[in-house]
file my_file.cif (mmCIF, C-alpha atoms)
data_protein
loop_
_atom_site.label_atom_id
_atom_site.label_comp_id
_atom_site.auth_asym_id
_atom_site.auth_seq_id
_atom_site.Cartn_x
_atom_site.Cartn_y
_atom_site.Cartn_z
CA MET K 1 92.10 18.81 55.00
CA ASP K 2 89.62 20.75 52.86
CA SER K 3 87.99 19.43 49.71
CA SER K 4 90.32 21.43 47.44
CA GLY K 5 93.36 19.79 49.03
CA ILE K 6 91.86 16.32 48.61
CA GLY K 7 90.95 17.17 45.03
CA THR K 8 94.52 18.24 44.32
CA ILE K 9 95.88 14.97 45.73
CA LEU K 10 93.41 12.88 43.72
CA TRP K 11 94.16 14.82 40.54
CA GLY K 12 97.91 14.39 41.09
CA GLY K 13 97.43 10.68 41.65
CA ALA K 14 95.40 10.40 38.46
CA GLU K 15 98.11 12.23 36.50
CA ALA K 16 100.80 9.96 37.94
CA ALA K 17 98.77 6.85 37.07
CA LEU K 18 98.25 8.13 33.52
CA ALA K 19 101.98 8.81 33.12
CA ILE K 20 102.78 5.27 34.28
CA LEU K 21 100.17 3.79 31.95
CA LEU K 22 101.69 5.76 29.09
CA ALA K 23 105.11 4.24 29.81
CA LEU K 24 103.63 0.74 29.99
CA ALA K 25 101.76 1.30 26.73
CA LEU K 26 104.96 2.42 25.00
CA LEU K 27 106.79 -0.61 26.38
CA ARG K 28 104.07 -2.91 25.06
CA LEU K 29 104.04 -1.16 21.67
CA ALA K 30 107.81 -1.49 21.33
CA SER K 31 107.60 -5.19 22.20
CA VAL K 32 104.83 -5.82 19.65
CA LEU K 33 106.65 -3.89 16.92
CA TYR K 34 109.89 -5.73 17.63
CA GLY K 35 108.10 -9.06 17.35
CA ALA K 36 106.51 -7.98 14.06
CA LEU K 37 109.74 -6.66 12.56
CA ALA K 38 112.23 -9.28 13.67
CA PRO K 39 112.78 -12.32 11.43
CA ALA K 40 110.77 -15.39 12.32
CA ASP K 41 113.84 -17.19 13.68
CA ALA K 42 115.12 -14.21 15.71
CA GLU K 43 114.41 -16.06 18.97
CA ALA K 44 117.00 -18.61 17.91
CA VAL K 45 119.60 -15.80 17.89
CA PRO K 46 118.97 -14.05 21.24
CA LEU K 47 122.20 -12.10 20.93
CA LEU K 48 120.45 -9.62 18.62
CA HIS K 49 117.89 -8.90 21.34
CA VAL K 50 120.59 -8.65 24.01
CA LEU K 51 122.72 -6.30 21.88
CA ALA K 52 119.72 -4.04 21.26
CA LEU K 53 118.84 -3.85 24.96
CA ALA K 54 122.46 -3.21 25.95
CA ALA K 55 122.83 -0.50 23.29
CA GLY K 56 119.61 1.15 24.42
CA LEU K 57 120.60 1.10 28.08
CA ALA K 58 124.06 2.54 27.32
CA CYS K 59 122.52 5.24 25.13
CA GLY K 60 119.92 6.04 27.78
CA VAL K 61 122.58 6.41 30.47
CA ALA K 62 124.63 8.68 28.19
CA LEU K 63 121.56 10.86 27.62
CA LEU K 64 120.89 11.08 31.37
CA PHE K 65 124.47 12.20 31.98
CA ALA K 66 123.98 14.90 29.34
CA VAL K 67 120.71 16.46 30.53
CA PRO K 68 121.20 20.21 31.09
CA HIS K 69 118.94 20.09 34.16
CA ALA K 70 121.00 17.58 36.15
CA GLU K 71 120.72 19.80 39.25
CA SER K 72 116.99 19.14 39.24
CA PHE K 73 117.63 15.56 40.36
CA ARG K 74 119.04 16.65 43.72
CA ILE K 75 116.77 15.60 46.57
CA SER K 76 116.60 19.18 47.82
CA ARG K 77 115.35 20.32 44.40
CA ILE K 78 112.86 17.47 44.00
CA PHE K 79 111.13 18.21 47.30
CA ALA K 80 111.45 22.00 47.15
CA ALA K 81 108.09 23.76 47.27
CA ASP K 82 108.97 25.83 44.21
CA GLY K 83 111.14 23.14 42.60
CA PRO K 84 111.42 22.36 38.89
CA TRP K 85 109.29 19.20 39.13
CA HIS K 86 106.08 20.93 40.17
CA LEU K 87 104.45 20.45 36.79
CA GLY K 88 101.18 19.08 35.56
CA LEU K 89 101.22 16.05 33.27
CA PRO K 90 101.16 18.13 30.05
CA GLY K 91 104.13 20.20 31.28
CA PHE K 92 106.02 17.09 32.34
CA LEU K 93 105.52 15.40 28.98
CA ALA K 94 106.45 18.57 27.08
CA ARG K 95 109.67 19.11 29.04
CA HIS K 96 110.80 15.59 29.85
CA GLY K 97 108.86 13.14 27.73
CA LEU K 98 111.67 12.99 25.16
CA PRO K 99 115.31 14.15 25.21
CA ASP K 100 115.49 17.71 23.89
CA ALA K 101 117.97 19.15 21.42
CA ALA K 102 120.19 20.51 24.21
CA THR K 103 120.51 17.02 25.72
CA LEU K 104 121.42 15.46 22.38
CA GLN K 105 124.01 18.16 21.69
CA ALA K 106 125.51 17.77 25.17
CA ALA K 107 125.69 13.98 24.76
CA TRP K 108 127.56 14.39 21.47
CA ALA K 109 129.89 16.98 23.00
CA GLN K 110 130.65 14.67 25.94
CA LEU K 111 131.34 11.80 23.57
CA ARG K 112 133.82 13.91 21.62
CA GLY K 113 135.32 15.71 24.60
CA GLY K 114 135.54 12.89 27.12
CA GLY K 115 132.89 14.11 29.54
CA LEU K 116 131.02 12.05 32.11
CA GLY K 117 128.83 10.49 29.44
CA ALA K 118 131.73 9.53 27.17
CA LEU K 119 132.03 5.97 28.52
CA PRO K 120 128.37 4.94 28.15
CA GLY K 121 128.18 6.94 24.92
CA GLY K 122 131.19 5.16 23.46
CA LEU K 123 129.80 1.80 24.57
CA ALA K 124 126.48 2.67 22.94
CA LEU K 125 128.24 3.45 19.64
CA LEU K 126 130.11 0.14 19.74
CA LEU K 127 126.93 -1.80 20.42
CA LEU K 128 125.00 0.15 17.78
CA ALA K 129 127.69 -0.86 15.29
CA ALA K 130 127.75 -4.48 16.47
CA GLY K 131 123.99 -4.93 16.04
CA PRO K 132 123.85 -4.22 12.29
CA LEU K 133 126.96 -6.35 11.72
CA ALA K 134 125.28 -9.22 13.55
CA ALA K 135 122.11 -8.76 11.51
CA LEU K 136 124.03 -8.85 8.23
CA ARG K 137 126.03 -11.88 9.31
CA TRP K 138 123.18 -14.05 10.58
CA TRP K 139 120.51 -13.19 7.99
CA ARG K 140 120.39 -12.53 4.27
CA GLY K 141 118.20 -10.42 2.03
CA MET K 142 114.97 -9.04 3.46
CA ALA K 143 115.49 -10.94 6.72
CA SER K 144 118.68 -8.98 7.43
CA LEU K 145 116.85 -5.68 6.81
CA ARG K 146 114.06 -6.75 9.17
CA ALA K 147 116.62 -7.75 11.80
CA LEU K 148 118.37 -4.39 11.46
CA CYS K 149 115.10 -2.44 11.81
CA ALA K 150 114.08 -4.54 14.82
CA PHE K 151 117.46 -3.95 16.45
CA LEU K 152 117.31 -0.19 15.96
CA LEU K 153 113.70 -0.03 17.17
CA LEU K 154 114.45 -1.95 20.37
CA ALA K 155 117.62 0.04 21.08
CA ALA K 156 115.88 3.40 20.55
CA SER K 157 112.80 2.48 22.58
CA THR K 158 114.95 1.18 25.44
CA ALA K 159 116.96 4.43 25.56
CA LEU K 160 113.84 6.59 25.44
CA LEU K 161 112.01 4.55 28.06
CA LEU K 162 114.99 4.73 30.43
CA HIS K 163 115.13 8.51 29.97
CA TYR K 164 111.38 8.75 30.56
CA ALA K 165 111.39 6.42 33.58
CA ILE K 166 114.08 8.34 35.49
CA HIS K 167 112.33 11.65 34.87
CA LEU K 168 108.99 10.08 35.79
CA LEU K 169 110.44 8.87 39.09
CA ALA K 170 111.68 12.36 40.00
CA TRP K 171 108.37 13.91 38.97
CA MET K 172 106.35 11.41 41.00
CA LEU K 173 108.54 11.96 44.06
CA ALA K 174 107.81 15.68 43.82
CA LEU K 175 104.13 14.98 43.21
CA LEU K 176 103.74 12.65 46.20
CA ASN K 177 106.07 14.67 48.46
CA PHE K 178 104.68 14.35 52.01
CA TRP K 179 102.45 11.43 51.01
CA LEU K 180 105.48 9.43 49.92
CA PHE K 181 106.85 9.51 53.47
CA ALA K 182 103.40 8.67 54.84
CA LEU K 183 103.19 5.63 52.56
CA LEU K 184 106.71 4.52 53.48
CA LEU K 185 105.90 4.90 57.17
CA PHE K 186 102.70 2.92 56.72
CA ALA K 187 104.56 0.15 54.87
CA PHE K 188 107.26 0.07 57.55
CA GLN K 189 104.67 -0.19 60.32
CA ARG K 190 102.90 -3.01 58.51
CA TRP K 191 106.19 -4.85 58.10
CA ARG K 192 107.24 -4.23 61.72
CA HIS K 193 103.97 -5.46 63.21
CA ALA K 194 103.42 -8.33 60.78
CA PRO K 195 103.17 -11.74 62.50
CA ALA K 196 106.34 -13.75 62.30
CA ARG K 197 106.30 -16.50 59.72
CA THR K 198 107.14 -19.97 60.93
CA GLY K 199 109.22 -22.14 58.66
CA HIS K 200 108.29 -25.74 57.91
#
call {"tool": "encode", "arguments": {"input": "my_file.cif", "output": "structure tokens"}}
result
Amino acid sequence: MDSSGIGTILWGGAEAALAILLALALLRLASVLYGALAPADAEAVPLLHVLALAAGLACGVALLFAVPHAESFRISRIFAADGPWHLGLPGFLARHGLPDAATLQAAWAQLRGGGLGALPGGLALLLLAAGPLAALRWWRGMASLRALCAFLLLAASTALLLHYAIHLLAWMLALLNFWLFALLLFAFQRWRHAPARTGH
């Protein structure tokens, strides 16, 4: 392989690593902000945290069902030489870093019209309503406002991170392409030829 090919691989690996680090940084930021916003005794009421995570996951799934580029997730499209995932990091972030207006509109249309995303979308709405009710019931005054903001922050960040992670996975599969199979083959060979462990 010539130096330009090796350089392309190294650059792609660096972009993939940066995209992963970005996701981890956003996850850490959301966790820190939730801890700062939530009332001091929020750990004593874990249901608020659970409701926010569940609402975010349901919302994220509804958004994934609504993406207008669903065909891009087919294996044949991911590994196609001229497929839609052959983007640099700036292009990936611009197109798939956040749900676009078309995705949001499609999610709302599915929720109203009973499309594929209607079930997770409806569940997300129920959980998004349950969270504020729980915050108002368990806390009073400023503490209830803090609990509500923490709930909404965690739900939104969970939905966005799920959307980002699924798109990141497809993008990285396209980026690694042949090298993904080489790595899988290497891992399989290591596992197959590993010495048997003896139990005690």
call {"tool": "resolve_selection", "arguments": {"input": "my_file.cif", "expression": "the PyMOL selection byres ((chain K and resi 110) around 12)", "output": "NGL selection string"}}
result
:K and (62-67 or 103-109 or 111-122)
call {"tool": "write_last_selection", "arguments": {"input": "my_file.cif", "atoms": "C-alpha atoms", "output": "PDB file, in the coordinates of the input"}}
result
ATOM      1  CA  ALA K  62     124.630   8.680  28.190  1.00  0.00           C
ATOM      2  CA  LEU K  63     121.560  10.860  27.620  1.00  0.00           C
ATOM      3  CA  LEU K  64     120.890  11.080  31.370  1.00  0.00           C
ATOM      4  CA  PHE K  65     124.470  12.200  31.980  1.00  0.00           C
ATOM      5  CA  ALA K  66     123.980  14.900  29.340  1.00  0.00           C
ATOM      6  CA  VAL K  67     120.710  16.460  30.530  1.00  0.00           C
ATOM      7  CA  THR K 103     120.510  17.020  25.720  1.00  0.00           C
ATOM      8  CA  LEU K 104     121.420  15.460  22.380  1.00  0.00           C
ATOM      9  CA  GLN K 105     124.010  18.160  21.690  1.00  0.00           C
ATOM     10  CA  ALA K 106     125.510  17.770  25.170  1.00  0.00           C
ATOM     11  CA  ALA K 107     125.690  13.980  24.760  1.00  0.00           C
ATOM     12  CA  TRP K 108     127.560  14.390  21.470  1.00  0.00           C
ATOM     13  CA  ALA K 109     129.890  16.980  23.000  1.00  0.00           C
ATOM     14  CA  LEU K 111     131.340  11.800  23.570  1.00  0.00           C
ATOM     15  CA  ARG K 112     133.820  13.910  21.620  1.00  0.00           C
ATOM     16  CA  GLY K 113     135.320  15.710  24.600  1.00  0.00           C
ATOM     17  CA  GLY K 114     135.540  12.890  27.120  1.00  0.00           C
ATOM     18  CA  GLY K 115     132.890  14.110  29.540  1.00  0.00           C
ATOM     19  CA  LEU K 116     131.020  12.050  32.110  1.00  0.00           C
ATOM     20  CA  GLY K 117     128.830  10.490  29.440  1.00  0.00           C
ATOM     21  CA  ALA K 118     131.730   9.530  27.170  1.00  0.00           C
ATOM     22  CA  LEU K 119     132.030   5.970  28.520  1.00  0.00           C
ATOM     23  CA  PRO K 120     128.370   4.940  28.150  1.00  0.00           C
ATOM     24  CA  GLY K 121     128.180   6.940  24.920  1.00  0.00           C
ATOM     25  CA  GLY K 122     131.190   5.160  23.460  1.00  0.00           C
TER      26      GLY K 122
END
call {"tool": "resolve_selection", "arguments": {"input": "my_file.cif", "expression": "the PyMOL selection byres ((chain K and resi 82-96) around 9)", "output": "PyMOL selection string"}}
result
chain K and resi 12+15-16+18-19+72+76-81+97-100+163-164+167-168+170-175
call {"tool": "atom_distance", "arguments": {"input": "my_file.cif", "atom1": "CA of Leu37 (chain K)", "atom2": "CA of Pro132 (chain K)"}}
result
14.3 Å
call {"tool": "resolve_selection", "arguments": {"input": "my_file.cif", "expression": "the PyMOL selection byres ((chain K and resi 27-35) around 8)", "output": "NGL selection string"}}
result
:K and (23-26 or 36-38 or 150-151 or 153-154 or 157 or 161)
call {"tool": "closest_residue", "arguments": {"input": "my_file.cif", "among": "K:Ile75, K:Leu48, K:Ala155, K:Cys59", "to": "Leu136 (chain K)", "atoms": "all atoms listed in the file"}}
result
K:Leu48
call {"tool": "atom_distance", "arguments": {"input": "my_file.cif", "atom1": "CA of Ala14 (chain K)", "atom2": "CA of Ala165 (chain K)"}}
result
17.2 Å
call {"tool": "closest_residue", "arguments": {"input": "my_file.cif", "among": "K:Leu128, K:Ile166, K:Ala159, K:Ala143", "to": "Pro39 (chain K)", "atoms": "all atoms listed in the file"}}
result
K:Ala143
call {"tool": "axis_aligned_box", "arguments": {"input": "my_file.cif", "around": "region 153-170 of chain K", "padding_each_side": "5 Å", "output": "JSON"}}
result
{"center_x": 113.3, "center_y": 5.2, "center_z": 28.6, "size_x": 18.6, "size_y": 24.3, "size_z": 32.8}
call {"tool": "closest_residue", "arguments": {"input": "my_file.cif", "among": "K:Ala58, K:Ala40, K:Val50, K:Ala17", "to": "Leu126 (chain K)", "atoms": "only C-alpha atoms"}}
result
K:Ala58
call {"tool": "atom_distance", "arguments": {"input": "my_file.cif", "atom1": "CA of Trp138 (chain K)", "atom2": "CA of Leu152 (chain K)"}}
result
16.0 Å
